[in-house]
Amino acid sequence: METLFLWPLIGGTLAIMVLIYLALDVMKRSRGNASMMEISDAIQVGAKAFLYREYIYISIFVAIVFAAISIVGELTPLGKDTGLSLQTGVSFIIGAFCSALAGFIGMSIATRANSRTTEAAREGGVKGALGVAISGGAVMGLGVVGISLLGLTFTLMAFWNEADRVASTAIINGYAMGASLVALFARSGGGIYTKGADMGGDRVGMVEAGIPEDDPRNAATIADNVGDNVGDVAGLGSDLMESYVEAIIAAMAIAVTLNAVGGGAMSLNMIMLPLLIAAAGIVCSIVGIFYIRAFAKSDPQKALMNGTYIAGGLAVLATLAIVMVFGENYTDDLATIFRGTAIEYGRMGIFLSTVFGIAAGAIIGFVSEYYTSHKYKPTRKIAENSQSGPALTVVEGLSVGMMSCTIPTIVLAGAIVASYWAGGFFGIAMAAFGMLATTGIIVSVDSYGPIADNAGGIAEMAHLDRSVREITDNLDAVGNTTAAIGKGFAIGSAAFAATGLLVAFIATARVNVDHLALANPPILAGLLLGGMFPYFFSSLLFGAVGKAAYAMIEEVRRQLRDIPGIMEGKAKPDYAQCVDIATKGAIRGMLLPGGLAIILPVVIGLSFGAEVLTGLLIGSLISGLMIGIQMANSGGAMDNAKKYIEEGMYGGKGSEAHKAAVVGDTVGDPLKDTVGPSINILIKLMAVISLVIAPLLIQEEVVVTPAVADQAAQVEVIQADAAVDAVAADRL
C-alpha cells in the first residue's frame with residue numbers, strides 16, 4: 001500500500017520542484033524600465049487585495065459547510081452510517097485550502113511575469129516573450145496538479161481504511177467538494193471582476209473617448225489588468241484543479257464498488273490507478289512545457305499546440321504501461337442497477353476508455369481552436385460582418401458559439417458510449433480523467449494568455465515602441481484560442497465526471513431505476529428544475545457583471561470629466577478607485593449564485609427525495625453543457641474577430657468595423673470569462689454535493705420474499721377469477 005502512495009507523492013513533488021525552478025527563472029528576468037515596474041507593482045497590489053478579500057468571504061462559506069458536515073456526521077442521528085463525519089469535514093477543509101493555495105501561487109507569479117514578458121518582447125522578440133509567459137503560466141499549471149495530487153494523496157494516507165473502503169471514499173468526497181466550492185467562487189468572482197473592469201474600460205475608452213485599449217489615460221486599465229490575473233489565472237487554476245480532482249475521485253469512488261473477476265473486492269492497485277496515471281501525466285506535461293520553451297519561434301500557436309499534443313501522446317503510452325502493470329480484469333457490479341446483471345471487463349478496457357477520453361479532449365480542443373482562432377473562417381466571418389455594424393457582429397458571434405456545440409456534443413456522447421462499452425461505468429470515469437491526465441500543460445498554455453495580455457497593457461501604458469505591442473497582441477490572440485481550448489477540456493471533462501458522479505449518487509442513494517422514466521412526475525419535475533437552474537445561475541452572473549461594468553463606466557466618465565489634464569497626459573487617473581469598485585462589485589455579485597449552487601441540491605434532496613434530485617442533476621448537466629460550450633466559444637470568437645481587425649483587416653483600428661467588433665468583444669467578455677467557465681463547475685459541484693448527502697436520502701424498501709410474492713400472486717389470480725364470475729352472473 002505504501003508503495004502505491006509513493007508514486008503520486010513523487011509525481012506531485014516533481015511538479016512542485018519544476019514549479020520552483022520556473023518561478024525562479026521568471027524572477028531573474030529583467031522587469032524593464034521604471035514605468036513598467038510601477039505598473040506591474042500596481043497590478044500586483046490590486047490582485048492581492050482582491051484575492052485576500054475574496055478568500056475571506058469564501059472562508060466563511062467553507063466554515064459553515066465544514067460545521068454542517070461535522071455536526072450532521074458526529075452529533076445527530078442522521079450521521080450514522082452516512083459517511084458524513086468530522087473526517088469528511090477535515091477532508092473538505094484540505095480540498096478548499098489546496099484549491100485556494102494553487103490559485104494564490106499562480107496569481108503571484110503571473111503578476112510578476114507580466115512586465116518581464118513585455119521586456120522579453122522588447123529584447124528577444126516572440127520567442128523571448130513566449131518563453132517567459134509560458135514559464136509563468138506553467139507555474140499555475142504545475143501548481144494545480146502538484147498541490148492537488150499531494151493534498152489528495154496525503155488525505156488518503158491519513159483517512160484510508162482498507163477494512164471500510166466505502167467510508168474512506170466518502171471522506172475523500174469531502175476533498176472534492178472543498179475544491180469545487182472554492183473553484184466556483186473564485187471563477188465567478190474573478191470573472192465578474194475582470195469583465196466588469198474590461199467592459200467598462202473598453203466602452204468609455206475605445207468607443208467614447210477614442211483612445212487605445214490599455215491607454216494610461218483610462219482609469220480602468222489597472223483594474224482590467226488585475227482582473228486578468230484574478231479571473232483568468234487564479235480563477236482558472238481553481239477551476240481546472242476542481243475538474244482534475246473530481247475526475248480522480250469519481251474513478252476511485254466507482255472502483256470501490258466493483259469486484260475483480262474471481263477475486264472478490266477490487267484490488268487496491270485498481271483503486272489507485274487514477275492516481276498513478278495522474279503522476280505519469282505530470283511527467284508528460286513537464287516534457288510538453290519544456291518542448292514549448294525550447295522550440296517556440298515565430299509561430300507561438302504551433303509551439304503551444306504541439307507541446308500539448310506531445311504531452312497527450314506520451315500520456316497514452318504511459319497509461320498503457322501502467323494498465324499493463326497494475327490493471328486487472330473486473331466485474332462492473334453497478335451494471336446490475338441498470339441492466340439487471342453484472343458485466344465482466346478486461347484490463348485493456350481501462351486503457352481504451354482512457355484513450356477515448358484523451359481523444360475526445362483533443363477533438364474538442366481542435367473544434368474550440370477552429371471556432372475561436374482568426375486563422376479560420378468562423379471568426380473571420382464575424383470580422384467581415386462587423387463592417388455592417390455591431391448587431392451583425394453579435395448575431396454572428398452567437399451563431400458561431402451555438403454551432404460549435406454540435407461536434408463536441410456528438411464526440412462526448414460517442415466517447416461516453418465507447419468508454420462504457422470498453423470498461424463500464426469505471427470506464428466512463430477513467431475517460432473523464434483521461435481527458436485531464438495532462439492538466440498540467442493544459443492549464444499552463446491557458447494561463448500564459450492573461451500574462452501576454454497584461455504584457456500588452458504594460459507596453460501600451462509605458463509608451464513602448466509599437467513593435468512590442470504587436471508581439472504581445474500576437475501572443476494574446478493565441479492566448480484567447482488556448483483559453484477556449486482549456487475551457488473545452490474543462491466542460492468536456494465536466495460532462496464525463498458528472499456522469500460518473502451521477503451513477504455513484506444513484507447507487508449510493510439506492511434510487512430505484514425503474515422509476516427513472518419521463519412518465520414519473522418526480523423525475524420530470526427534477527429535469528425541468530435542473531434544466532432551468534444553469535440559466536438562472538447565468539442570469540445572476542450576467543447581472544452582476546452588468547452592475548460592475550455600469551459602476552466602472554460611470555467612474556471612468558467622472559474622472560475624464562472632473563480631473564483636468566487626463567486626456568492631455570498631464571494628470572494621472574485614480575486607478576485605485578476603479579480597483580476598489582471592481583472588487584466590491586465582484587464580491588457582491590458572487591455570493592448569491594455561489595450560495596444557491598450549494599443550497600439547491602441539499603434543499604431539493606432533503607425536501608423531495610432522491611428521485612427529484614436525480615432529475616435535477618441530469619437536467620443541469622444537459623443544459624449546462626450546451627451553455628458552457630456555446631458561451632466560451634462565442635466570446636472567444638468575438639474577441640479574436642476584434643484582434644483580427646486590429647491587425648489591419650477591414651480598415652484596422654479606429655474603423656467602423658473595429659468599433660462594431662469592440663461592441664461584440666464587450667458582449668463576448670462575460671460569455672467566455674464569467675458565465676461559460678462557471679457553468680462546468682456548477683454542474684460538478686451540484687453532483688458532488690448530492691453524492692455527499694446521498695446516504696441521507698436512502699429510503700428503506702419492504703423486501704418481498706419469493707414465498708410471499710407467490711402467495712400475493714395467487715391471491716390476485718383468485719380475486720380476478722371472482723370478479724369475472726360476478727360480471728357473468730350479473731349479465732345472466
# chains A, B, ... in the order shown; residues from 1 in each chain; ligands from 1
>>> residues_around(residues="Gly594 (chain A)", least_positions_apart="6", cutoff="10 Å", atoms="only C-alpha atoms", output="list in words")
Ile58, Phe61, Leu181, Val182, Leu184, Phe185, Ala186, Ser188, Gly189, Phe537, Leu540, Leu541, Ser678 and Leu682 of chain A
>>> residues_around(residues="region 233-243 of chain A", least_positions_apart="3", cutoff="6 Å", atoms="only C-alpha atoms", output="list in words")
Ser99, Gly103, Met107, Val144, Ala179, Ser180, Ala183, Ala186, Arg187, Gly190, Asn229, Val230, Glu246 and Ser447 of chain A
>>> write_last_selection(atoms="all heavy atoms", output="tab-separated table (two decimals), in the first residue's frame")
chain	number	residue	atom	x	y	z
A	99	SER	N	-7.04	24.25	-3.12
A	99	SER	CA	-7.54	25.00	-4.26
A	99	SER	C	-7.16	26.48	-4.15
A	99	SER	O	-6.69	27.10	-5.11
A	99	SER	CB	-9.06	24.84	-4.38
A	99	SER	OG	-9.57	25.57	-5.48
A	103	GLY	N	-4.38	28.69	-6.56
A	103	GLY	CA	-4.74	29.94	-7.20
A	103	GLY	C	-3.86	31.08	-6.77
A	103	GLY	O	-3.44	31.91	-7.60
A	107	MET	N	-1.34	33.16	-9.31
A	107	MET	CA	-1.56	34.59	-9.48
A	107	MET	C	-0.33	35.40	-9.08
A	107	MET	O	0.03	36.38	-9.74
A	107	MET	CB	-2.77	35.01	-8.65
A	107	MET	CG	-3.19	36.47	-8.80
A	107	MET	SD	-2.28	37.59	-7.72
A	107	MET	CE	-2.75	37.00	-6.11
A	144	VAL	N	-1.32	23.56	-9.91
A	144	VAL	CA	-2.63	22.89	-9.85
A	144	VAL	C	-2.47	21.39	-9.66
A	144	VAL	O	-3.04	20.80	-8.74
A	144	VAL	CB	-3.45	23.18	-11.13
A	144	VAL	CG1	-4.62	22.23	-11.26
A	144	VAL	CG2	-3.95	24.62	-11.12
A	179	ALA	N	-12.69	21.59	-2.97
A	179	ALA	CA	-12.07	22.17	-4.16
A	179	ALA	C	-13.13	22.79	-5.07
A	179	ALA	O	-12.91	23.86	-5.66
A	179	ALA	CB	-11.29	21.08	-4.92
A	180	SER	N	-14.29	22.15	-5.17
A	180	SER	CA	-15.36	22.67	-6.03
A	180	SER	C	-15.92	23.98	-5.50
A	180	SER	O	-16.18	24.91	-6.27
A	180	SER	CB	-16.50	21.64	-6.13
A	180	SER	OG	-16.08	20.49	-6.82
A	183	ALA	N	-13.52	26.75	-6.15
A	183	ALA	CA	-13.44	26.98	-7.59
A	183	ALA	C	-14.61	27.80	-8.09
A	183	ALA	O	-14.45	28.72	-8.91
A	183	ALA	CB	-13.37	25.65	-8.34
A	186	ALA	N	-14.18	31.39	-6.84
A	186	ALA	CA	-13.01	32.01	-7.46
A	186	ALA	C	-13.27	32.31	-8.93
A	186	ALA	O	-12.91	33.38	-9.44
A	186	ALA	CB	-11.79	31.10	-7.31
A	187	ARG	N	-13.92	31.38	-9.63
A	187	ARG	CA	-14.17	31.57	-11.05
A	187	ARG	C	-15.23	32.63	-11.28
A	187	ARG	O	-15.08	33.51	-12.13
A	187	ARG	CB	-14.60	30.24	-11.66
A	187	ARG	CG	-14.41	30.06	-13.16
A	187	ARG	CD	-13.12	30.59	-13.66
A	187	ARG	NE	-12.63	29.91	-14.84
A	187	ARG	CZ	-11.92	30.52	-15.79
A	187	ARG	NH1	-11.66	31.80	-15.72
A	187	ARG	NH2	-11.46	29.83	-16.81
A	190	GLY	N	-13.89	36.11	-9.76
A	190	GLY	CA	-12.85	36.64	-10.64
A	190	GLY	C	-13.39	37.04	-11.99
A	190	GLY	O	-12.96	38.04	-12.58
A	229	ASN	N	-5.63	38.57	-14.00
A	229	ASN	CA	-4.93	37.65	-13.10
A	229	ASN	C	-5.87	36.97	-12.12
A	229	ASN	O	-5.77	35.75	-11.91
A	229	ASN	CB	-3.85	38.42	-12.33
A	229	ASN	CG	-2.70	38.86	-13.22
A	229	ASN	OD1	-1.83	38.08	-13.57
A	229	ASN	ND2	-2.71	40.12	-13.62
A	230	VAL	N	-6.80	37.71	-11.52
A	230	VAL	CA	-7.69	37.08	-10.53
A	230	VAL	C	-8.75	36.22	-11.19
A	230	VAL	O	-9.24	35.25	-10.59
A	230	VAL	CB	-8.35	38.14	-9.63
A	230	VAL	CG1	-7.30	38.93	-8.87
A	230	VAL	CG2	-9.24	39.08	-10.42
A	246	GLU	N	-11.92	16.02	-9.13
A	246	GLU	CA	-13.18	15.27	-9.17
A	246	GLU	C	-13.11	14.12	-10.16
A	246	GLU	O	-13.76	13.08	-9.94
A	246	GLU	CB	-14.33	16.21	-9.52
A	246	GLU	CG	-14.73	17.07	-8.35
A	246	GLU	CD	-16.06	17.76	-8.55
A	246	GLU	OE1	-16.61	17.68	-9.66
A	246	GLU	OE2	-16.55	18.37	-7.60
A	447	SER	N	-3.02	29.63	-18.94
A	447	SER	CA	-2.62	30.73	-18.06
A	447	SER	C	-1.64	31.68	-18.72
A	447	SER	O	-1.51	32.83	-18.28
A	447	SER	CB	-1.99	30.16	-16.78
A	447	SER	OG	-2.91	29.41	-16.04
>>> residues_around(residues="region 508-519 of chain A", least_positions_apart="6", cutoff="9 Å", atoms="only C-alpha atoms", output="JSON, numbers by chain")
{"A": [337, 338, 527, 610, 611, 614, 615, 691, 693, 694, 695, 696, 697, 698, 699]}
>>> select_by_dssp(residues="region 537-611 of chain A", states="alpha helix (DSSP H)", output="PyMOL selection string")
chain A and resi 537-562+575-608+610-611
>>> residues_around(residues="Arg53 (chain A)", least_positions_apart="5", cutoff="9 Å", atoms="only C-alpha atoms", output="PyMOL selection string")
chain A and resi 48+58+583+587
>>> write_last_selection(atoms="C-alpha atoms", output="PDB file, in the first residue's frame")
ATOM      1  CA  LYS A  48      -3.517  40.557  -3.876  1.00  0.00           C
ATOM      2  CA  ILE A  58     -15.057  32.148   0.769  1.00  0.00           C
ATOM      3  CA  THR A 583     -13.509  44.420  -6.081  1.00  0.00           C
ATOM      4  CA  ILE A 587     -17.663  40.192  -4.073  1.00  0.00           C
TER       5      ILE A 587
END
>>> closest_residue(among="A:Leu613, A:Leu304, A:Ile451, A:Leu4", to="Leu528 (chain A)", atoms="only C-alpha atoms")
A:Leu613
>>> residues_around(residues="Gly676 (chain A)", least_positions_apart="6", cutoff="6 Å", atoms="only C-alpha atoms", output="ChimeraX atom specification")
/A:628,631-632
>>> write_last_selection(atoms="C-alpha atoms", output="PDB file, in the first residue's frame")
ATOM      1  CA  GLY A 628     -20.752  26.239 -21.252  1.00  0.00           C
ATOM      2  CA  MET A 631     -20.704  30.905 -24.335  1.00  0.00           C
ATOM      3  CA  ALA A 632     -16.998  30.086 -24.155  1.00  0.00           C
TER       4      ALA A 632
END
>>> residues_around(residues="Asp25 (chain A)", least_positions_apart="3", cutoff="12 Å", atoms="only C-alpha atoms", output="ChimeraX atom specification")
/A:18-22,28-30,109,112-113,116,131-136,138-139,293
>>> select_by_dssp(residues="region 215-321 of chain A", states="strand (DSSP E or B)", output="number ranges by chain")
A: 259-260, 264-265
>>> residues_around(residues="region 153-164 of chain A", least_positions_apart="2", cutoff="7 Å", atoms="only C-alpha atoms", output="PyMOL selection string")
chain A and resi 5+8-9+91+149-151+166-168
>>> atom_distance(atom1="CA of Ile69 (chain A)", atom2="CA of Phe92 (chain A)")
9.0 Å
